[in-house]
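Below is one structure; the comments refer to it alone.
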Amino acid sequence: MNDALVIAGQSYGSRLLVGTGKYRDFAETRAAIDASGAEIVTVAIRRTNIGQNPDEPNLLDVLPPERFTILPNTAGCYTAEDAVRTLCLARELLDGHALVKLEVLGDPRTLFPNMPETLKAAETLVRDGFDVMVYCSDDPIQAKMLEEIGCVAVMPLASLIGSGMGILNPWNLRLIIDAAKVPVLVDAGVGTASDAAIAMELGCDGVLMNTAIAQARQPVLMAQAMRKAVEAGREAYLAGRMPRKLYSADPSSPTGGLIGS
């Protein structure tokens with residue numbers, strides 16, 4: 001089945017995007033990402049060395065850009081100005097790479113997005129030629145505003161970053177999905193494989209996760225589970241589930257021709 005995820009004109013076979021933080025070491029990072037099947041990996045520029053610190057191990061030696069699409073993000077940024085500056089640095093380090101993930105946080109306790117600053121940063125980045133995938137609240141109006149600014153994907157949170165609480169507001173996600181003309185990917189809150197499957201069954205185009213894999217007891221095994229869950233959820237969405245019928249039993253086997261009838 002040819003069912004590619006298309007972002008900014010580029011096709012990807014995997015609908016699972018993964019982060020690179022919180023692993024024990026770079027070897028575990030690579031093993032988990034290989035197990036996940038992800039083609040897009042997100043990197044926190046403020047926390048991970050991709051060349052800005054020549055005396056430290058470079059993540060790109062483990063995850064080469066010719067093999068993976070590196071998605072620099074602005075984790076740790078709390079203003080539009082900081083986010084824009086961080087992604088300009090990333091573009092220099094990655095030889096003009098335009099695809100980025102924008103996140104502007106509201107506070108360090110919840111890591112909830114600061115939407116006024118996010119909108120401001122998105123306008124600047126799109127104007128400067130970036131292809132912006134954007135972490136946002138699950139507000140359908142603001143998600144639509146980000147699309148109209150020119151973001152190439154909107155990424156509403158399912159629940160708070162790193163919480164593992166799963167899909168807390170499926171109804172808002174459906175409103176965003178139904179109105180969007182760009183890919184919608186759940187970003188933040190996934191805790192286990194069933195959460196990823198639910199996101200995909202709702203109609204999300206993909207799922208981005210980090211903590212759910214990196215903080216599992218066996219990250220590589222969890223990465224495999226997440227890969228299967230995203231694939232299964234997507235197939236279930238495309239297949240179309242049966243309708244829910246309260247108090248209306250419908251036996252799977254035919255009732256005609258039974259003995260004694």
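Quick note on naming: the chains in the structure tokens go A, B, ... in the order shown, residues restart at 1 in each chain, and ligands are numbered from 1 in order of appearance.
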
Q.
Please list as a PyMOL selection string every residue within 7 Å of Asn114 of chain A, counting only C-alpha atoms and excluding residues in the same chain fewer than 4 positions away.
A. chain A and resi 104-106+118

Using only all heavy atoms, please write the residues we just selected to a file, as a CSV table (one decimal), in the first residue's frame.
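What follows is the written file again-v5.csv:
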chain,number,residue,atom,x,y,z
A,104,VAL,N,7.5,27.0,21.3
A,104,VAL,CA,7.7,28.1,22.3
A,104,VAL,C,6.9,27.7,23.5
A,104,VAL,O,5.7,27.7,23.5
A,104,VAL,CB,7.3,29.4,21.7
A,104,VAL,CG1,7.8,30.5,22.7
A,104,VAL,CG2,8.0,29.7,20.3
A,105,LEU,N,7.6,27.5,24.6
A,105,LEU,CA,7.0,27.0,25.8
A,105,LEU,C,6.5,28.2,26.7
A,105,LEU,O,7.0,29.3,26.7
A,105,LEU,CB,8.0,26.2,26.6
A,105,LEU,CG,8.6,25.0,25.8
A,105,LEU,CD1,9.6,24.3,26.7
A,105,LEU,CD2,7.5,24.0,25.3
A,106,GLY,N,5.5,27.8,27.5
A,106,GLY,CA,4.9,28.8,28.3
A,106,GLY,C,5.5,28.9,29.7
A,106,GLY,O,5.6,30.0,30.3
A,118,THR,N,4.3,31.6,19.9
A,118,THR,CA,4.4,30.6,18.9
A,118,THR,C,3.9,31.2,17.5
A,118,THR,O,4.6,31.0,16.5
A,118,THR,CB,3.5,29.3,19.2
A,118,THR,OG1,4.1,28.7,20.4
A,118,THR,CG2,3.6,28.3,18.1

All residues 7 Å or closer to Ala90 of chain A, only C-alpha atoms, same chain fewer than 3 positions away omitted, as a short mmCIF file (atom, residue, chain, number, x, y, z; two decimals) with N, CA and C atoms, in the first residue's frame:
data_model
loop_
_atom_site.label_atom_id
_atom_site.label_comp_id
_atom_site.auth_asym_id
_atom_site.auth_seq_id
_atom_site.Cartn_x
_atom_site.Cartn_y
_atom_site.Cartn_z
N ILE A 45 18.20 21.62 19.68
CA ILE A 45 19.45 22.32 19.37
C ILE A 45 20.10 22.88 20.63
N PRO A 72 15.50 19.83 13.52
CA PRO A 72 15.90 20.63 14.67
C PRO A 72 14.69 21.27 15.33
N THR A 86 17.46 30.28 17.52
CA THR A 86 17.90 28.88 17.61
C THR A 86 17.78 28.17 16.27
N LEU A 87 16.70 28.41 15.55
CA LEU A 87 16.52 27.72 14.28
C LEU A 87 17.38 28.32 13.18
N LEU A 93 24.12 25.19 10.79
CA LEU A 93 24.82 23.94 11.12
C LEU A 93 24.46 22.81 10.15
N LEU A 94 23.24 22.87 9.59
CA LEU A 94 22.78 21.80 8.72
C LEU A 94 22.78 22.23 7.25
#

Per DSSP on the backbone, filter segment 115-172 of chain A down to the residues in alpha helix (DSSP H) and report them as an mmCIF file with N, CA, C and O atoms, in the first residue's frame.
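As a result, selection_2.cif now contains:
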data_model
loop_
_atom_site.group_PDB
_atom_site.id
_atom_site.type_symbol
_atom_site.label_atom_id
_atom_site.label_comp_id
_atom_site.auth_asym_id
_atom_site.auth_seq_id
_atom_site.Cartn_x
_atom_site.Cartn_y
_atom_site.Cartn_z
ATOM 1 N N MET A 115 1.087 30.197 23.049
ATOM 2 C CA MET A 115 0.575 30.340 21.695
ATOM 3 C C MET A 115 0.785 31.730 21.085
ATOM 4 O O MET A 115 1.097 31.826 19.896
ATOM 5 N N PRO A 116 0.661 32.832 21.837
ATOM 6 C CA PRO A 116 0.968 34.131 21.206
ATOM 7 C C PRO A 116 2.408 34.194 20.688
ATOM 8 O O PRO A 116 2.645 34.668 19.564
ATOM 9 N N GLU A 117 3.360 33.699 21.471
ATOM 10 C CA GLU A 117 4.754 33.704 21.027
ATOM 11 C C GLU A 117 4.977 32.708 19.887
ATOM 12 O O GLU A 117 5.777 32.946 18.975
ATOM 13 N N THR A 118 4.265 31.583 19.935
ATOM 14 C CA THR A 118 4.368 30.589 18.861
ATOM 15 C C THR A 118 3.902 31.175 17.534
ATOM 16 O O THR A 118 4.555 31.011 16.493
ATOM 17 N N LEU A 119 2.774 31.863 17.552
ATOM 18 C CA LEU A 119 2.257 32.480 16.331
ATOM 19 C C LEU A 119 3.220 33.532 15.798
ATOM 20 O O LEU A 119 3.459 33.620 14.588
ATOM 21 N N LYS A 120 3.789 34.313 16.699
ATOM 22 C CA LYS A 120 4.737 35.352 16.291
ATOM 23 C C LYS A 120 5.979 34.730 15.640
ATOM 24 O O LYS A 120 6.449 35.184 14.587
ATOM 25 N N ALA A 121 6.525 33.680 16.282
ATOM 26 C CA ALA A 121 7.708 33.019 15.734
ATOM 27 C C ALA A 121 7.400 32.360 14.395
ATOM 28 O O ALA A 121 8.219 32.405 13.464
ATOM 29 N N ALA A 122 6.230 31.746 14.280
ATOM 30 C CA ALA A 122 5.856 31.081 13.034
ATOM 31 C C ALA A 122 5.817 32.068 11.875
ATOM 32 O O ALA A 122 6.291 31.776 10.770
ATOM 33 N N GLU A 123 5.265 33.233 12.100
ATOM 34 C CA GLU A 123 5.204 34.252 11.047
ATOM 35 C C GLU A 123 6.600 34.633 10.571
ATOM 36 O O GLU A 123 6.858 34.720 9.361
ATOM 37 N N THR A 124 7.515 34.826 11.512
ATOM 38 C CA THR A 124 8.888 35.213 11.152
ATOM 39 C C THR A 124 9.586 34.097 10.391
ATOM 40 O O THR A 124 10.237 34.331 9.356
ATOM 41 N N LEU A 125 9.468 32.874 10.878
ATOM 42 C CA LEU A 125 10.173 31.749 10.265
ATOM 43 C C LEU A 125 9.655 31.450 8.863
ATOM 44 O O LEU A 125 10.435 31.195 7.940
ATOM 45 N N VAL A 126 8.342 31.466 8.686
ATOM 46 C CA VAL A 126 7.778 31.223 7.355
ATOM 47 C C VAL A 126 8.230 32.313 6.388
ATOM 48 O O VAL A 126 8.610 32.030 5.242
ATOM 49 N N ARG A 127 8.220 33.535 6.847
ATOM 50 C CA ARG A 127 8.667 34.649 6.005
ATOM 51 C C ARG A 127 10.138 34.495 5.612
ATOM 52 O O ARG A 127 10.545 34.897 4.514
ATOM 53 N N PRO A 140 -8.535 24.299 18.144
ATOM 54 C CA PRO A 140 -8.715 24.231 16.686
ATOM 55 C C PRO A 140 -8.553 25.574 15.982
ATOM 56 O O PRO A 140 -8.093 25.617 14.835
ATOM 57 N N ILE A 141 -8.915 26.669 16.658
ATOM 58 C CA ILE A 141 -8.818 27.989 16.025
ATOM 59 C C ILE A 141 -7.360 28.375 15.836
ATOM 60 O O ILE A 141 -6.946 28.827 14.762
ATOM 61 N N GLN A 142 -6.552 28.169 16.862
ATOM 62 C CA GLN A 142 -5.148 28.549 16.755
ATOM 63 C C GLN A 142 -4.388 27.606 15.828
ATOM 64 O O GLN A 142 -3.455 28.032 15.136
ATOM 65 N N ALA A 143 -4.780 26.349 15.804
ATOM 66 C CA ALA A 143 -4.169 25.420 14.854
ATOM 67 C C ALA A 143 -4.429 25.880 13.427
ATOM 68 O O ALA A 143 -3.536 25.833 12.567
ATOM 69 N N LYS A 144 -5.644 26.341 13.166
ATOM 70 C CA LYS A 144 -5.976 26.838 11.826
ATOM 71 C C LYS A 144 -5.201 28.109 11.512
ATOM 72 O O LYS A 144 -4.749 28.317 10.374
ATOM 73 N N MET A 145 -5.001 28.965 12.499
ATOM 74 C CA MET A 145 -4.223 30.184 12.297
ATOM 75 C C MET A 145 -2.787 29.844 11.897
ATOM 76 O O MET A 145 -2.212 30.485 11.013
ATOM 77 N N LEU A 146 -2.204 28.831 12.525
ATOM 78 C CA LEU A 146 -0.839 28.416 12.186
ATOM 79 C C LEU A 146 -0.772 27.885 10.760
ATOM 80 O O LEU A 146 0.173 28.161 10.019
ATOM 81 N N GLU A 147 -1.785 27.134 10.353
ATOM 82 C CA GLU A 147 -1.830 26.656 8.969
ATOM 83 C C GLU A 147 -1.916 27.832 8.005
ATOM 84 O O GLU A 147 -1.224 27.854 6.972
ATOM 85 N N GLU A 148 -2.741 28.813 8.314
ATOM 86 C CA GLU A 148 -2.918 29.951 7.421
ATOM 87 C C GLU A 148 -1.662 30.816 7.352
ATOM 88 O O GLU A 148 -1.407 31.465 6.328
ATOM 89 N N ILE A 149 -0.869 30.835 8.410
ATOM 90 C CA ILE A 149 0.420 31.533 8.379
ATOM 91 C C ILE A 149 1.357 30.886 7.356
ATOM 92 O O ILE A 149 2.174 31.565 6.729
ATOM 93 N N PRO A 170 -9.676 13.757 22.649
ATOM 94 C CA PRO A 170 -9.805 13.315 21.250
ATOM 95 C C PRO A 170 -10.746 14.183 20.434
ATOM 96 O O PRO A 170 -10.601 14.286 19.218
ATOM 97 N N TRP A 171 -11.693 14.835 21.098
ATOM 98 C CA TRP A 171 -12.678 15.626 20.350
ATOM 99 C C TRP A 171 -12.023 16.843 19.725
ATOM 100 O O TRP A 171 -12.296 17.165 18.556
ATOM 101 N N ASN A 172 -11.160 17.538 20.459
ATOM 102 C CA ASN A 172 -10.459 18.675 19.863
ATOM 103 C C ASN A 172 -9.513 18.241 18.761
ATOM 104 O O ASN A 172 -9.362 18.919 17.736
#

Q. Got a sec: who's within 9 Å of Ala193 of chain A, counting only C-alpha atoms, leaving out chain neighbours fewer than 4 positions off, as a list of chain:residue names?
A. A:Ala197, A:Ile198, A:Ala212, A:Met222, A:Ala225, A:Met226, A:Arg227, A:Lys228, A:Ala229, A:Val230

If you take only C-alpha atoms and a cut-off of 10 Å, which residues of segment 38-83 of chain A touch segment 4-19 of chain A, and what are their nearest atom pairs and distances in Å to one decimal, in chain and number order, as a Markdown table?
| residue | atom | partner | partner_atom | distance |
| --- | --- | --- | --- | --- |
| A:Ala38 | CA | A:Leu16 | CA | 5.5 |
| A:Glu39 | CA | A:Ser14 | CA | 6.3 |
| A:Ile40 | CA | A:Leu17 | CA | 5.3 |
| A:Val41 | CA | A:Val18 | CA | 5.1 |
| A:Thr42 | CA | A:Gly19 | CA | 4.8 |
| A:Val43 | CA | A:Gly19 | CA | 6.3 |
| A:Ala44 | CA | A:Gly19 | CA | 8.4 |
| A:Thr69 | CA | A:Tyr12 | CA | 9.7 |
| A:Ile70 | CA | A:Gly19 | CA | 9.9 |
| A:Leu71 | CA | A:Gly19 | CA | 9.0 |
| A:Pro72 | CA | A:Gly19 | CA | 9.9 |
| A:Asn73 | CA | A:Gly19 | CA | 9.7 |

Would you mind exporting the chosen residues as a short mmCIF file (atom, residue, chain, number, x, y, z; two decimals), in the first residue's frame, restricted to C-alpha atoms?
data_model
loop_
_atom_site.label_atom_id
_atom_site.label_comp_id
_atom_site.auth_asym_id
_atom_site.auth_seq_id
_atom_site.Cartn_x
_atom_site.Cartn_y
_atom_site.Cartn_z
CA ALA A 38 11.46 6.45 11.92
CA GLU A 39 12.88 8.51 9.08
CA ILE A 40 12.48 11.90 10.78
CA VAL A 41 14.32 12.44 14.07
CA THR A 42 13.98 15.60 16.08
CA VAL A 43 16.94 17.19 17.85
CA ALA A 44 16.85 19.83 20.59
CA THR A 69 15.88 13.69 8.12
CA ILE A 70 17.11 15.76 11.03
CA LEU A 71 14.35 17.94 12.47
CA PRO A 72 15.90 20.63 14.67
CA ASN A 73 13.57 21.88 17.37
#

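Nearest to Val152 of chain A of all the residues A:Thr20, A:Leu111, A:Thr192, A:Val100 is A:Val100, counting only C-alpha atoms.
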
Q.
Between atom CA of Ile161 of chain A and atom CA of Gly189 of chain A, what is the distance in Å, rounded to a tenth?
A. 5.3 Å

**Q.** Of the listed residues A:Ser137, A:Gln215, A:Gln224, A:Asn169, that which approaches Arg24 of chain A most closely, counting only C-alpha atoms
**A.**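 Among A:Ser137, A:Gln215, A:Gln224, A:Asn169, it is A:Gln215 that comes nearest to Arg24 of chain A.
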
Hey, what's within 9 Å of Met200 of chain A if we count only C-alpha atoms and toss same-chain stuff fewer than 4 positions away? As a compact mmCIF listing (two decimals) with C-alpha atoms, in the first residue's frame, please?
# COMPACT_ATOMS: atom_id res chain seq x y z
CA LEU A 185 0.64 15.01 14.06
CA VAL A 186 0.17 14.34 17.75
CA ASP A 195 -1.97 5.80 22.77
CA ALA A 196 -0.18 5.93 19.43
CA CYS A 204 -3.78 11.93 12.72
CA ASP A 205 -1.18 11.84 9.95
CA GLY A 206 1.59 10.85 12.34
CA VAL A 207 2.86 10.79 15.90
CA ALA A 229 1.02 0.62 16.78
CA VAL A 230 1.33 3.55 14.38
CA GLU A 231 1.07 1.21 11.40
CA ALA A 232 -1.92 -0.64 12.85
CA GLY A 233 -3.71 2.56 13.80
CA ARG A 234 -3.24 3.98 10.33
CA GLU A 235 -4.55 0.83 8.68
CA ALA A 236 -7.57 0.77 10.99
CA TYR A 237 -8.32 4.40 10.13

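The gap separating atom CA of Leu208 of chain A from atom CA of Thr110 of chain A is 18.0 Å, in Å to one decimal.
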
Q: Go through A:Arg241, A:Arg30, A:His97, A:Arg174 and flag the residue nearest Leu63 of chain A, using only C-alpha atoms for the distances.
A: A:Arg30

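Near Gly51 of chain A, within 12 Å and counting only C-alpha atoms, sit Ile45, Arg46, Glu56, Pro57, Asn58, Leu59, Leu60, Asp61, Leu89, Ala90, Arg91, Glu92, Leu93, Leu94 and Asp95 of chain A; same-chain residues fewer than 5 positions away were not included.
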
Restricted to C-alpha atoms, what would the selected residues look like written as a PDB file, in the first residue's frame?
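Okay, this is what ended up in result.pdb:
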ATOM      1  CA  ILE A  45      19.449  22.318  19.372  1.00  0.00           C
ATOM      2  CA  ARG A  46      19.865  23.868  22.810  1.00  0.00           C
ATOM      3  CA  GLU A  56      31.856  17.141  22.327  1.00  0.00           C
ATOM      4  CA  PRO A  57      30.429  13.975  20.718  1.00  0.00           C
ATOM      5  CA  ASN A  58      28.335  14.872  17.708  1.00  0.00           C
ATOM      6  CA  LEU A  59      24.906  13.269  17.346  1.00  0.00           C
ATOM      7  CA  LEU A  60      25.200  13.474  13.555  1.00  0.00           C
ATOM      8  CA  ASP A  61      28.015  10.913  13.701  1.00  0.00           C
ATOM      9  CA  LEU A  89      21.680  28.536  14.051  1.00  0.00           C
ATOM     10  CA  ALA A  90      20.349  25.102  13.147  1.00  0.00           C
ATOM     11  CA  ARG A  91      20.008  26.095   9.494  1.00  0.00           C
ATOM     12  CA  GLU A  92      23.654  27.155   9.447  1.00  0.00           C
ATOM     13  CA  LEU A  93      24.818  23.935  11.117  1.00  0.00           C
ATOM     14  CA  LEU A  94      22.775  21.801   8.716  1.00  0.00           C
ATOM     15  CA  ASP A  95      23.846  23.556   5.499  1.00  0.00           C
TER      16      ASP A  95
END

Q | Those in segment 5-245 of chain A with strand (DSSP E or B) from DSSP, as a count of residues only | A | 44

Using only C-alpha atoms, what table do you get, as a tab-separated table, when you list each residue of segment 63-132 of chain A with an atom no more than 10 Å from segment 153-157 of chain A, its nearest pair of atoms, and their distance in Å rounded to one decimal, rows by chain then rising number?
residue	atom	partner	partner_atom	distance
A:Lys101	CA	A:Ala153	CA	9.2
A:Leu102	CA	A:Met155	CA	9.6
A:Glu103	CA	A:Met155	CA	9.6
A:Phe112	CA	A:Leu157	CA	8.5
A:Pro113	CA	A:Leu157	CA	8.9
A:Asp131	CA	A:Ala153	CA	8.8
A:Val132	CA	A:Ala153	CA	6.9
